[in-house]
Amino acid sequence: MANNVEEEDYGESGEDQKLPELKLGDARQAQSFINYFRGLPEDSQVIRFFDRKEFYSVHGDDAVFIARNYHKTMAAVKQLGNPPNTLAGLSLHRKLFETVLRDLLLERGDHTVELYEGSGSNWRLTKTATPGKLGSFEDVLFNASNDMQESPVVMAIFPSAKENERLVGMAFVDMTKRLIGATEFLDDDQYTNLESAMVALGCKECVLPQDGAKTPDGRKLRDVMARCEVLTTERKRAEFKARDVEQDMARLVKGSAEQHRGLGDTENAAAALAAVLAYTELLADSTNYGKYHLQPYSLNTYMRLDAAALKALNVQESKTDANKTFSLFGLMNRTCTAGMGKRLLNRWLKQPLLDVEQIGKRHDVVAAFVEDASVRQDLRFQLKRIPDIERLARKLETKRASLADIVKLYQASVRLPIITGVLQRYEGEFEPLLSESYTDPLKKHSTAEQLGKYEGLVETAVDLDQIEHGEYIIAPGYDPSLQKIKDERDKCEAQIRDVYAEAARYLGLKGQDVEKVLKLDRNPQHGHVFRLTKKEEPKYRKKITTTPYHMVETRKDGVKFSTSKLKRLSDTYVKLTEDYNTTQKELVGTVVNIAASFVEIFESVAAIVSQLDVLLSFADLSVNAPLPYVRPTMTSCDEGDIVLRGSRHPCVEVQDDVSFIANDCKLVRGKSWFQLITGPNMGGKSTFIRQVGVNVLMAQVGCFVPCDSADISVRDCIFARVGAGDCQLRGVSTFMAEMLETSAILKAATQNSLIIIDELGRGTSTYDGFGLAWAICEYLTEVTRAPTLFATHFHELTALASTAGQAPVHGPPRGPPVGVANYHVSAHIDEETRKLTMLYKVEEGPCDQSFGIYVAEFAHFPENVVALARKKAEELEDFTPADQQADGEVGAKRKRVSGPDDTARGAARVRAFLRDFAALPIDQMSPDEAVKAAEDLKKSLEQDAAANPWLQQIL
């Protein structure tokens, strides 16, 4: 299996590089384990780890997989047992186990993990986790150095076909945020709506009915899962029964039963909901009752983005990125909180807003922070000291929090008044919005009735003075029994110090010599003992071997001795310490239970602070970009145009040694709503069309945009087809992948979408590619009518601008013309040296020539190859048959005999011919009349072709 994780991610240094020795006991125990392992059910998606206390082991195919992908060598695999009944085995130390676990569940997302505990043949499964159900391993996966990147979502799908339409029932569970949602919708045969929903919700795992993989629809569903990198889990159809779904939701969901009443009426959604509840086993744990929230979901809630668009626009981080600014997320992530802001930004980038008013509110907040640098910088300084409240609240709610977690939440709570104080310093025009959204809610949560009580609990229950020394303990005064034990232990410790002082006097030690010569040690084996260094021991040997003293042990660090009195006091001290720890553990549990009552308040605070963090990140990015970003003017989908003046690509302009050339983009209804962009390779076409998509996405997320000015009509979806690759595992070629993506655009795009297409038709012959490109362009201009950027090397497509507004091929007119306009990226060729220079400017009009051979020269092709290429290109520039050439020589140099104008006029004449032919009343004519009418139409076409070289080629 392929793995993109770099080897150094798993490398260790020093002793950690040495693998633990794989020991399974004697031969009988080893054979017993082998028999047990071979009895486990085979499942290629499951990786099984065995906890052997000091290390972990994997076996069989799992050992081979781990060795290849993480150890990067098969030498680490050992064969256990005796031939022929042997079993491959591999050991992992704890740190590598945790790293592999994170990669399998968080990065790759294509495996289930099982952990077994036991020995010999007596093993039991203790923990299971999938990319969507991480609960068993949350403590291992997320710690101080590993934040939760995004909240994993488990989804269930139940599709059905009705009258050539697919009705999809979808339900999802977010076990971290405790959210449940369900909906159903109509979809096309490529499941484009489902793909958008999976992207928006951040789905990690999907439950599907069994036996569907062999059907065409089942295969398409699994292709969607593969594109979205979602783990597919199959369950019996019996689990997709919605008999008790309303009762189940009544137990799980907090609040009135009215909000989830009627779920059973949506048959497919209810079936999916029943399946996802059964899979996540939420009802088996009574602590989930009344803890979940119902989250409504509709396809029209957010801008729809599919996996192809995310990839084309480089929205998400990739392991292959040389630096974080290669992706939009990496560039925009300037969040300060420990994980909360990062997760919210990740979610926002997949869920751009559609409501102009909501977008405007986010822009207002960003504008306020851009305007007031002092407030912005002070807020960021304070937020850097805010822990991951979301994750800590989750641990608190599940009773897995420690005193350290309790204190971190306390530290966040006492910082909230400082944050509100900074917010109150802002006095600009957006002050009412900041107060309503952030200042007032945070003030409310900081009152004595809310988090003030939590702070009082922590200050009373926790010994805050000991935190400086790295100790998180209950304050002795919090409980009388704990105070009593502490007093007795302190008294015992004082008596031990007295015995130590007596020993020092007995040895004749005074002043500073006491602690230099005689040490008071304590260890688990011997308790409290006296120790003399080896150097000093000969001086006092006779005394320390005389009653009441006796030798305990001699080691490199010195000689240890004791007395019966010291031993008795030490045993008492150990007993009191155990009682103290036991009592403290019980009190910690009590404190955690009380603190858990504040979880809802902390969750509300986390939502406010994380949103503040992301908008501050937008403001910081907008101010500190190479050129400051500007606030876009937003209009609704059916109003306005998309006009970006001096637009730039935010990720490209920040790369080293890049002097970015800004360009205008004017997608104007009726004039340039559909733009054909031609020009040389490497001239900037792809960057230009992508930066338009990125700018629109950033604006609808709520960020300012890298432009001189921007007017943006909100888009309900961005479709992007900017390159495809083979997928041999799914049997999909480059061209087929391209056609599937384009098919999804033609079926799902609306006039409110934004379409970006780059180099369509490259994967097949020139004739087929051009024909497909032309037909697709006509469909997009006549039927879809969405703003479109279409970059191409088919210069003949520029003739579309001349045919726009004529009678449509695809039925009656659907409104005013969309407006087709030609643009090109400019380049300069030196007349003397023939050297090509890219200018990276987008200008009006079509490109009048191809530059492929010049690009080949850039790649240092041999001169004779370039010369022959130029000769053959000139010969093939016109496709007139050889017997019609002027000189009659096969292979002779031929000049272009038809230009864009000829193509436009010829195409219009062909349209008219087809329209007239289709209008013939064939059913009312005799065969002879029909033949004569067709011949007349053909004769008229041939007469017109005499003056049109393009028509001559067609005929």
# chains A, B, ... in the order shown; residues from 1 in each chain; ligands from 1
>>> residues_around(residues="stretch 331-335 of chain A", least_positions_apart="5", cutoff="7 Å", atoms="only C-alpha atoms", output="NGL selection string")
:A and (324-325 or 341-342 or 613-614 or 617-618 or 621 or 651)
>>> select_by_dssp(residues="stretch 139-293 of chain A", states="alpha helix (DSSP H)", output="ChimeraX atom specification")
/A:139-141,192-201,216-227,245-252,267-280
>>> atom_distance(atom1="atom CA of A:Gly202", atom2="atom CA of A:Asp388")
19.8 Å
>>> residues_around(residues="A:Ser32", least_positions_apart="4", cutoff="10 Å", atoms="only C-alpha atoms", output="PDB file with C-alpha atoms, in the first residue's frame")
ATOM      1  CA  LEU A  24       6.298 -14.767  23.408  1.00  0.00           C
ATOM      2  CA  ASP A  26       8.474 -20.649  25.609  1.00  0.00           C
ATOM      3  CA  ALA A  27       7.696 -22.698  22.487  1.00  0.00           C
ATOM      4  CA  ARG A  28       4.344 -23.868  23.848  1.00  0.00           C
ATOM      5  CA  TYR A  36      -5.165 -17.963  18.659  1.00  0.00           C
ATOM      6  CA  PHE A  37      -4.146 -15.383  16.054  1.00  0.00           C
ATOM      7  CA  GLY A  81       7.108 -20.663  15.874  1.00  0.00           C
ATOM      8  CA  SER A 119      -1.027 -13.579  27.241  1.00  0.00           C
ATOM      9  CA  GLY A 120      -0.566 -16.978  25.595  1.00  0.00           C
ATOM     10  CA  SER A 121      -3.898 -17.923  24.037  1.00  0.00           C
ATOM     11  CA  ASN A 122      -5.892 -15.912  26.558  1.00  0.00           C
TER      12      ASN A 122
END
>>> atom_distance(atom1="atom CA of A:Val643", atom2="atom CA of A:Leu627")
18.6 Å
>>> residues_around(residues="stretch 927-936 of chain A", least_positions_apart="4", cutoff="12 Å", atoms="only C-alpha atoms", output="tab-separated table (two decimals) with C-alpha atoms, in the first residue's frame")
chain	number	residue	atom	x	y	z
A	913	PHE	CA	-29.05	23.43	-41.71
A	914	LEU	CA	-29.76	21.16	-38.75
A	916	ASP	CA	-34.22	23.46	-41.00
A	917	PHE	CA	-33.80	19.73	-41.39
A	918	ALA	CA	-35.35	19.08	-37.97
A	919	ALA	CA	-38.27	21.35	-38.89
A	920	LEU	CA	-39.25	19.30	-41.99
A	921	PRO	CA	-42.76	17.81	-41.53
A	922	ILE	CA	-41.57	14.30	-42.42
A	923	ASP	CA	-44.73	12.64	-41.08
A	940	SER	CA	-28.01	25.06	-50.41
A	941	LEU	CA	-25.40	24.11	-47.80
A	942	GLU	CA	-22.90	23.09	-50.50
A	943	GLN	CA	-23.39	26.40	-52.31
>>> residues_around(residues="A:Asp571", least_positions_apart="6", cutoff="12 Å", atoms="only C-alpha atoms", output="number ranges by chain")
A: 489, 492-493, 496, 522-529, 564-565, 577-578
>>> residues_around(residues="A:Gln295", least_positions_apart="5", cutoff="7 Å", atoms="only C-alpha atoms", output="PyMOL selection string")
chain A and resi 179-181
>>> closest_residue(among="A:Val652, A:Met736, A:Leu349, A:Cys665", to="A:Cys703", atoms="only C-alpha atoms")
A:Leu349
>>> atom_distance(atom1="atom CA of A:Ala744", atom2="atom CA of A:Lys220")
12.2 Å
>>> residues_around(residues="A:Ile544", least_positions_apart="2", cutoff="12 Å", atoms="only C-alpha atoms", output="JSON, numbers by chain")
{"A": [503, 504, 506, 507, 518, 530, 531, 532, 536, 537, 538, 539, 540, 541, 542, 546, 547, 548, 549, 550, 551, 552, 559, 560, 561, 562, 563]}
>>> closest_atom_pairs(of="stretch 473-515 of chain A", to="stretch 589-592 of chain A", cutoff="12 Å", atoms="only C-alpha atoms", output="CSV")
residue,atom,partner,partner_atom,distance
A:Ile473,CA,A:Val591,CA,11.3
A:Ile474,CA,A:Val591,CA,9.1
A:Ala475,CA,A:Val591,CA,11.5
A:Tyr478,CA,A:Val591,CA,10.4
A:Asp479,CA,A:Thr590,CA,11.2
